[in-house]
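Engineer: My structure is below; once you've seen it, I'll send some questions.
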Amino acid sequence: MANALDQSETKAAASQPAWTAALACLLLSLVFILHLLVLPFGRDQAIFAVVADTMLVGGAPYKDAWDFKPPGIFFVYAFAQLFFGPAETGLRIIEAATLCLGLWVAYRISAEAVDRRAVFFIAPVFLFGITQYGFWHVGQPEVFGAALILLAIYLSSIPRALWAVAGLYVCAALLKPPLGGGILISYAFALYAVAKANGGWRGAVSVTLQFALGAAAILGALFLYLAAAGAFDDFYWTLFVFTPNYTGVGNVSYQLASLAGLFLHGLKKLVANWPVLSVGVLLFTGLGLRGRRAAKWSLHLILVAGMTLLGVALQAKFFPYHYAATVGLCAVLAGWGYWALYVRISHWPLGGLLALCVMVVPMFLSRPSLRYWQNGAALASVAFALPQEKAAVTDKLYSTGNMDRRSNLDAVAWARKHVPEDETIYIWGFEPVIYLQSGRRPASRFIYNVAQRAEWSAGMARAELMRSLEANDPFAIFVQSQDIMPAVTGSGLDSRQTLDREFPELRALLGSGYTHTADAGRFRIYQRKP
C-alpha cells in the first residue's frame, strides 16, 4: 500500500473496521456468483457443449461437430463435462472457479502494487462487470480469457515463468484470437525487466526463447491433436476460409473512418455500459496512482486492456461478451480506485458506508446493469413458486428476439418422447441445445445451419449436409422459424424461408421421406416415414 497511498492513510485505514467493508463486498460478490451458477445456456454455450460432448465420445471439433469458433473453448467445455456431466451447472462451476482464479491473481498483483485488501473492492466490480449482461454473455471465450490474461500479466514479473506467460497468451488466443495480443505488451515488459536487472540486453535471448518455447508447446500440442484426429483440414477451412468471411458480415467499419474510429467507438460503449468501471478508474487515476510499483502494474494492465479493446474493434461487432476480458482487466484498476477512496474517507463518520455506496450506485446506472437487478429480483420472487409460475418467468428471462426458450423445451420434450435413443435427429435451424438436452445425436456434423445459409459457404455445406442426411437417415427433422440473424448469416431470411426459397434438395427430401407430424413453438417437426 505504501506504493500507492501515504503511510499515514494506510495506518488510518488499518485502524478502521475495514472488515465490515470487506464483509459487505464479499456478500455482494457471493450474490453475483450464486446468480451465475443458476444461469442456463444461451445459443453459443449450447454449441460449445455439443462439440465438447462429441469430443468426449471420440469425435473431433470441426470434423465431427462443426462450429467456427477457435478450439480452445471446446476444450474448456469438454473439461467441465468430463468432471460434471453435460448439465449446465457443471460449466458454471468451472466458470465460477475461473473467475475466482482471476480474483486470486488480482489479490497477488494488488499485494505488490497497492494493498492486498484492495481485492475486496475488486471482487464485486470484477464479477458484476463480467456477468451483468446475463446468460447469453457468460460462458463465452472472453470470460475464461480474462483470468488467463491476468495470470499471464502476473507471471510476467517472474523471470523463470516467462514460458508460462507465452503459453497462457496462446491459450487465450485459442479461445479468441484477439485475446492473445497482450503477449506483445508482456514480452516488452519482460525484456525491460531483464535489461534493468542486468544493466543491458544480455538476457533478451533467454526471454525470447522462453516465450517462443511456451507458445510452440501449446500450438504443437494442438496441431498434433488435430492431425491425430484427422481434423486438421476441417480446422483450416473453418478458421482460415469460413471465419474471415463471417467477420466481414455486419461490419460497422463503413460507418467509421478507420481502425482508430472503431477503437474509440468500442471505448465509448465500454464507458457507457460499465459505469462501475468508469467511476472506479477515474477514482484510481485521481487518488491511487502513486509509487513506482503501482505505476508499473497499472501501466501493464492498461496497455494489455487496450490490446483486448483493440481486438474488439477489429471484430467490429461490439457484442457485450466481446468486452469480458477488457472488463476483467479494468476491474482491477477500478477496484484500486474504490479502495483508494475508502482509505481516504474511512475515518469520516459513515465514511466506509459512503465509499461502498460510491461503488454500488454505478451498478444501477446503465440499462444493462439495471436489467441485471430486475432479472435477479424476478428469479428471487419465484424461487418457491409453483412450477408453472416459475416456468413462465424463466421462459421470459431466458429468451431473446430470435431464440424462444419455450419452443426449445417443447422440441426437446417431443424428441425425448418420440425419438428412440439410438436414432439421430437433425435441426434445420440454430438451436443445438435440442441435441444437448434431448440426448439425441445429430445426423450431421453441422449442428446448426449457418454454413448452409451463408452465401460464401452454402453450396459446399448444403451438398455435404444432404450426403449426411441420406447416410444417417435421421428419425426426425426439426425446421425452425424466426431465427433471422443478418449479422451472422448475411441474410434476412429465417431457416424456414431459406428452406422454402433456396434449398430445393432438402425440401424434396422432406416431401418424399418425411411427414409433418407436429409443431413445437417455432419448430415444424417432420418424422421419417415407415
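By convention here, the chains of the C-alpha cells are called A, B, ... in the order presented, each chain's residues are numbered starting at 1, and ligands are numbered starting at 1 in the order presented.
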Sort by chain and increasing residue number a table of all residues of segment 304-397 of chain A within 7 Å of segment 277-294 of chain A, each with its closest pair of atoms and their distance in Å to one decimal, counting only C-alpha atoms, and write it as JSON lines.

Structural biologist:
```
{"residue": "A:Cys330", "atom": "CA", "partner": "A:Leu277", "partner_atom": "CA", "distance": 6.6}
{"residue": "A:Ala331", "atom": "CA", "partner": "A:Leu277", "partner_atom": "CA", "distance": 6.1}
{"residue": "A:Leu333", "atom": "CA", "partner": "A:Val281", "partner_atom": "CA", "distance": 5.7}
{"residue": "A:Ala334", "atom": "CA", "partner": "A:Gly280", "partner_atom": "CA", "distance": 3.8}
{"residue": "A:Gly335", "atom": "CA", "partner": "A:Gly280", "partner_atom": "CA", "distance": 6.3}
{"residue": "A:Trp336", "atom": "CA", "partner": "A:Phe284", "partner_atom": "CA", "distance": 5.9}
{"residue": "A:Gly337", "atom": "CA", "partner": "A:Phe284", "partner_atom": "CA", "distance": 3.5}
{"residue": "A:Tyr338", "atom": "CA", "partner": "A:Gly280", "partner_atom": "CA", "distance": 5.7}
{"residue": "A:Ala340", "atom": "CA", "partner": "A:Gly288", "partner_atom": "CA", "distance": 5.5}
{"residue": "A:Leu341", "atom": "CA", "partner": "A:Leu287", "partner_atom": "CA", "distance": 6.9}
```

Engineer: Mind checking which residues fall within 6 Å of segment 163-180 of chain A, counting only C-alpha atoms, ignoring those fewer than 5 positions away in the same chain, and posting them as a PyMOL selection string?

Structural biologist: chain A and resi 70+72-73+141+145+148+152+210-211+214-215+308+311

Engineer: The selected residues should be written to file as a short mmCIF file (atom, residue, chain, number, x, y, z; two decimals), in the first residue's frame (atoms: C-alpha atoms).

Structural biologist:
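Final file, result30.cif:
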```
data_model
loop_
_atom_site.label_atom_id
_atom_site.label_comp_id
_atom_site.auth_asym_id
_atom_site.auth_seq_id
_atom_site.Cartn_x
_atom_site.Cartn_y
_atom_site.Cartn_z
CA PRO A 70 -11.34 -21.41 -32.23
CA GLY A 72 -9.87 -23.52 -27.00
CA ILE A 73 -13.44 -23.06 -25.82
CA PRO A 141 -14.36 -17.46 -24.56
CA GLY A 145 -9.68 -15.46 -21.30
CA LEU A 148 -5.74 -16.37 -18.27
CA ALA A 152 -0.06 -14.09 -17.63
CA GLN A 210 11.18 -18.78 -23.20
CA PHE A 211 8.33 -17.00 -24.99
CA GLY A 214 5.94 -21.63 -24.34
CA ALA A 215 3.96 -20.65 -27.43
CA THR A 308 -8.06 -6.53 -25.85
CA GLY A 311 -9.36 -6.84 -30.57
#
```

Engineer: Atom CA of Gly459 of chain A and atom CA of Gln527 of chain A, how far apart in Å?

Structural biologist: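 So the answer is 25.7 Å.
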
Engineer: When you look at Gln140 of chain A with a cut-off of 8 Å (counting only C-alpha atoms), what residues show up, excluding the ones that are within fewer than 5 positions of it in the same chain? I need them as a list in words.

Structural biologist: Asp44, Gln45, Ile73 and Tyr321 of chain A

Engineer: Using only C-alpha atoms for the distances, tell me which of A:Ala391, A:Ala188, A:Ala324, A:Ile525 is nearest to Ala146 of chain A.

Structural biologist: A:Ala324
